[in-house]
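**Student:** If you scroll down you'll find the structure; I have some questions about it.
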Amino acid sequence: TTVNDDIRKYEQAFLCRTFPQAPEGEFNIAEYSRVKPFPLNEWDERLKTPTVTFIWRTDRFWKRVLPKWVDNRITRGLFPDLITKIKNRIRFNWILKFARELRKKAPGVDFAIAGMDSRDMKLPDWIKDYRHSSHSDELARKLCQRYAESHLVIGCNGSSLVLPGCHAGAVMNIVPQDGWSVSTGSFFFRFTSIADTFYRYALIHSETSIERMVTIAVQILRDRSMVQLISGTPWNDHESNKRHEDWAAFRRQIFRNTHLFTEKEGLMSKEFKNK
């Protein structure tokens with residue numbers, strides 16, 4: 001039966017209103033998953049091992065990877081398995097290239113790929129494999145623990161980013177061209193200051209290059225505390241009674257973290273050492 005068939009049984013039917021983006025403070029995700037989200041106050045401390053998880057979907061990608069004369073309604077009808085296999089291989093190689101480029105600029109990165117997949121496509125030893133072919137509550141908790149360990153999760157706009165986005169410290173949501181208006185429903189915002197929240201939840205255009213996405217990822221990881229310093233409490237609160245020495249010590253810690261990355265693009269400023 002279809003939904004249409006079921007509705008016909010009733011004289012009246014009503015659609016329930018739903019709100020994909022819950023108001024700030026409406027719920028604590030740990031009450032549902034039993035997993036505490038990434039501790040934002042430990043961001044810098046955990047940067048010795050920048051942790052990034054890519055959410056992989058075999059059923060959705062944010063850009064076309066085959067020309068229309070190869071991938072169209074007719075060819076998908078004639079060779080459905082072949083077309084899908086070719087597309088997923090190209091897409092997967094794209095993600096592996098992203099991981100390799102990120103590792104060059106963040107040598108200590110702990111990188112993982114998660115999502116529904118058969119694991120037929122192999123991963124390098126240094127990439128952790130959280131792909132799964134079936135769902136279970138135990139597996140869901142394990143995945144939520146990985147997300148909660150992640151400074152940053154990355155993926156294609158959609159429901160597959162909801163749990164990762166609720167648990168991770170930051171999100172890069174790659175939005176297909178036709179999905180911009182619904183893109184903010186992919187994650188629950190953990191509000192801090194306006195600037196810091198805006199910085200940690202990045203909507204990325206689908207035509208952005210791998211190289212540019214890597215640069216954005218590095219800057220979110222490396223520079224988030226600088227944004228916090230200039231825009232968030234207690235640093236921008238004149239009544240916080242923070243000493244100048246505390247501000248200077250926090251700033252020095254931020255600069256020390258920049259040495260964990262080879263990427264220098266976008267640094268707001270740099271440390272000058274006394275000669």
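Identifiers in this document derive from the order of the structure tokens: chains are assigned A, B, ..., residues are numbered from 1 separately in each chain, and ligands are numbered from 1 in order of occurrence.
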Could you tell me, as a PyMOL selection string, which residues of stretch 55-230 of chain A DSSP assigns to strand (DSSP E or B) when given the backbone?
**Tutor:** chain A and resi 55+110-116+127-132+152-156+170-175+201-205
**Student:** Using the chain letters and numbers from this document, which residues of stretch 5-242 of chain A does DSSP assign to alpha helix (DSSP H), as an MDAnalysis selection string?
**Tutor:** chainID A and resid 5:7 30:33 73:78 80:105 137:149 162:167 194:200 210:231
**Student:** Output C-alpha atoms for every residue in that selection, as a compact mmCIF listing (two decimals), in the first residue's frame.
**Tutor:**
```txt
# COMPACT_ATOMS: atom_id res chain seq x y z
CA ASP A 5 -4.14 4.46 -0.08
CA ASP A 6 -3.96 4.68 3.70
CA ILE A 7 -5.20 8.28 3.82
CA ALA A 30 23.55 13.25 25.47
CA GLU A 31 20.13 12.52 26.99
CA TYR A 32 19.28 10.65 23.79
CA SER A 33 22.57 9.10 22.67
CA ARG A 73 18.23 8.04 -17.35
CA ILE A 74 18.87 5.71 -20.28
CA THR A 75 22.33 4.49 -19.21
CA ARG A 76 21.18 4.08 -15.60
CA GLY A 77 18.29 1.97 -16.87
CA LEU A 78 20.53 -0.18 -19.05
CA PRO A 80 22.31 0.48 -13.21
CA ASP A 81 24.91 -1.47 -11.23
CA LEU A 82 27.81 -0.47 -13.49
CA ILE A 83 26.99 3.25 -13.44
CA THR A 84 26.54 3.23 -9.65
CA LYS A 85 29.81 1.37 -9.14
CA ILE A 86 31.78 3.77 -11.34
CA LYS A 87 30.26 6.84 -9.67
CA ASN A 88 30.93 5.57 -6.16
CA ARG A 89 34.53 4.71 -7.01
CA ILE A 90 35.15 8.22 -8.36
CA ARG A 91 33.44 9.78 -5.35
CA PHE A 92 35.39 7.63 -2.92
CA ASN A 93 38.67 8.51 -4.61
CA TRP A 94 37.70 12.18 -4.25
CA ILE A 95 37.33 11.72 -0.48
CA LEU A 96 40.63 9.84 -0.27
CA LYS A 97 42.33 12.70 -2.11
CA PHE A 98 40.82 15.14 0.36
CA ALA A 99 42.18 13.05 3.25
CA ARG A 100 45.67 12.91 1.75
CA GLU A 101 45.77 16.67 1.13
CA LEU A 102 44.52 17.37 4.64
CA ARG A 103 47.19 15.10 6.10
CA LYS A 104 49.88 17.09 4.30
CA LYS A 105 48.74 20.25 6.08
CA ASP A 137 22.02 0.38 18.64
CA GLU A 138 25.50 -0.70 19.74
CA LEU A 139 26.99 0.48 16.46
CA ALA A 140 25.09 3.78 16.67
CA ARG A 141 26.60 4.48 20.09
CA LYS A 142 30.06 3.63 18.79
CA LEU A 143 29.59 6.06 15.90
CA CYS A 144 28.33 8.79 18.24
CA GLN A 145 31.45 8.30 20.37
CA ARG A 146 33.59 8.83 17.28
CA TYR A 147 31.66 11.96 16.33
CA ALA A 148 32.07 13.26 19.89
CA GLU A 149 35.83 12.77 19.60
CA VAL A 162 22.39 15.28 12.09
CA LEU A 163 23.95 12.98 14.70
CA PRO A 164 27.54 13.82 13.68
CA GLY A 165 26.75 17.53 13.84
CA CYS A 166 25.10 17.21 17.26
CA HIS A 167 28.17 15.53 18.76
CA ILE A 194 27.79 34.54 17.45
CA ALA A 195 31.18 34.65 15.70
CA ASP A 196 32.37 31.33 17.13
CA THR A 197 29.11 29.56 16.27
CA PHE A 198 29.19 30.98 12.75
CA TYR A 199 32.82 29.86 12.41
CA ARG A 200 32.20 26.28 13.57
CA ILE A 210 39.34 19.87 -2.82
CA GLU A 211 42.25 22.22 -2.18
CA ARG A 212 39.96 24.98 -0.96
CA MET A 213 37.98 22.61 1.27
CA VAL A 214 41.23 21.44 2.85
CA THR A 215 42.22 25.05 3.55
CA ILE A 216 38.84 25.75 5.17
CA ALA A 217 39.12 22.60 7.30
CA VAL A 218 42.62 23.57 8.48
CA GLN A 219 41.52 27.08 9.38
CA ILE A 220 38.54 25.82 11.39
CA LEU A 221 40.82 23.46 13.30
CA ARG A 222 43.76 25.80 13.73
CA ASP A 223 42.12 29.21 14.19
CA ARG A 224 38.92 28.54 16.10
CA SER A 225 40.47 29.67 19.39
CA MET A 226 41.60 32.95 17.83
CA VAL A 227 37.98 33.62 16.87
CA GLN A 228 36.97 32.73 20.42
CA LEU A 229 39.61 35.13 21.79
CA ILE A 230 38.32 38.15 19.88
CA SER A 231 34.60 37.42 20.13
```
**Student:** Which one of A:Thr262, A:Ser150, A:Ser160, A:Thr208 sits closest to A:Thr49 if you count only C-alpha atoms?
**Tutor:**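 Ranked by minimum distance to A:Thr49, first place goes to A:Ser150.
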**Student:** Got a sec: who's within 6 Å of stretch 128-135 of chain A, counting only C-alpha atoms, leaving out chain neighbours fewer than 2 positions off, as a PDB file with all heavy atoms, in the first residue's frame?
**Tutor:**
```pdb
ATOM      1  N   ALA A 112      38.932   9.680   9.820  1.00  0.00           N
ATOM      2  CA  ALA A 112      38.073   8.494   9.710  1.00  0.00           C
ATOM      3  C   ALA A 112      36.985   8.740   8.683  1.00  0.00           C
ATOM      4  O   ALA A 112      36.608   9.880   8.406  1.00  0.00           O
ATOM      5  CB  ALA A 112      37.444   8.164  11.065  1.00  0.00           C
ATOM      6  N   ILE A 113      36.503   7.652   8.105  1.00  0.00           N
ATOM      7  CA  ILE A 113      35.344   7.698   7.213  1.00  0.00           C
ATOM      8  C   ILE A 113      34.243   6.850   7.833  1.00  0.00           C
ATOM      9  O   ILE A 113      34.475   5.704   8.234  1.00  0.00           O
ATOM     10  CB  ILE A 113      35.690   7.178   5.804  1.00  0.00           C
ATOM     11  CG1 ILE A 113      36.728   8.094   5.140  1.00  0.00           C
ATOM     12  CG2 ILE A 113      34.440   7.088   4.940  1.00  0.00           C
ATOM     13  CD1 ILE A 113      37.145   7.642   3.754  1.00  0.00           C
ATOM     14  N   ALA A 114      33.043   7.428   7.940  1.00  0.00           N
ATOM     15  CA  ALA A 114      31.890   6.731   8.504  1.00  0.00           C
ATOM     16  C   ALA A 114      30.733   6.807   7.523  1.00  0.00           C
ATOM     17  O   ALA A 114      30.677   7.704   6.684  1.00  0.00           O
ATOM     18  CB  ALA A 114      31.501   7.346   9.841  1.00  0.00           C
ATOM     19  N   GLY A 115      29.805   5.857   7.623  1.00  0.00           N
ATOM     20  CA  GLY A 115      28.636   5.880   6.757  1.00  0.00           C
ATOM     21  C   GLY A 115      28.223   4.485   6.337  1.00  0.00           C
ATOM     22  O   GLY A 115      28.939   3.501   6.570  1.00  0.00           O
ATOM     23  N   MET A 116      27.062   4.386   5.713  1.00  0.00           N
ATOM     24  CA  MET A 116      26.542   3.102   5.239  1.00  0.00           C
ATOM     25  C   MET A 116      27.297   2.679   3.983  1.00  0.00           C
ATOM     26  O   MET A 116      27.238   3.357   2.959  1.00  0.00           O
ATOM     27  CB  MET A 116      25.051   3.220   4.935  1.00  0.00           C
ATOM     28  CG  MET A 116      24.176   3.466   6.146  1.00  0.00           C
ATOM     29  SD  MET A 116      23.987   2.026   7.211  1.00  0.00           S
ATOM     30  CE  MET A 116      22.935   0.979   6.205  1.00  0.00           C
ATOM     31  N   ASP A 117      28.009   1.553   4.071  1.00  0.00           N
ATOM     32  CA  ASP A 117      28.794   1.082   2.935  1.00  0.00           C
ATOM     33  C   ASP A 117      29.201  -0.368   3.198  1.00  0.00           C
ATOM     34  O   ASP A 117      29.237  -0.824   4.347  1.00  0.00           O
ATOM     35  CB  ASP A 117      30.038   1.955   2.744  1.00  0.00           C
ATOM     36  CG  ASP A 117      30.738   1.693   1.407  1.00  0.00           C
ATOM     37  OD1 ASP A 117      30.144   1.009   0.556  1.00  0.00           O
ATOM     38  OD2 ASP A 117      31.861   2.167   1.233  1.00  0.00           O
ATOM     39  N   SER A 118      29.552  -1.073   2.137  1.00  0.00           N
ATOM     40  CA  SER A 118      29.908  -2.485   2.248  1.00  0.00           C
ATOM     41  C   SER A 118      31.374  -2.714   2.596  1.00  0.00           C
ATOM     42  O   SER A 118      31.777  -3.835   2.870  1.00  0.00           O
ATOM     43  CB  SER A 118      29.613  -3.193   0.922  1.00  0.00           C
ATOM     44  OG  SER A 118      30.433  -2.635  -0.109  1.00  0.00           O
TER      45      SER A 118
END
```
**Student:** Work out how far apart atom CA of A:Cys16 and atom CA of A:Ser181 are and give it in Å to one decimal.
**Tutor:**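 So the two atoms, atom CA of A:Cys16 and atom CA of A:Ser181, lie 20.7 Å apart.
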**Student:** Quick check, in Å to one decimal: how far apart do atom CA of A:Cys156 and atom CA of A:Thr51 lie?
**Tutor:** 18.4 Å
**Student:** Pick from A:Thr192, A:Thr53, A:Thr233, A:Gln177: nearest to A:Gly155, with only C-alpha atoms counted?
**Tutor:** A:Thr53
**Student:** So how far away is atom CA of A:Arg243 from atom CA of A:Asn41, in Å?
**Tutor:** 18.9 Å
**Student:** Return the single residue from A:Thr2, A:Ser209, A:Leu152, A:Ser193 that is closest to A:Asn236, with distances computed using only C-alpha atoms.
**Tutor:** A:Ser193
**Student:** When distances are computed from only C-alpha atoms, which of A:Ala248, A:Pro67, A:Pro124, A:Ile55 shows the smallest separation from A:Ser159?
**Tutor:**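 Of the candidates, the smallest distance to A:Ser159 is held by A:Ile55.
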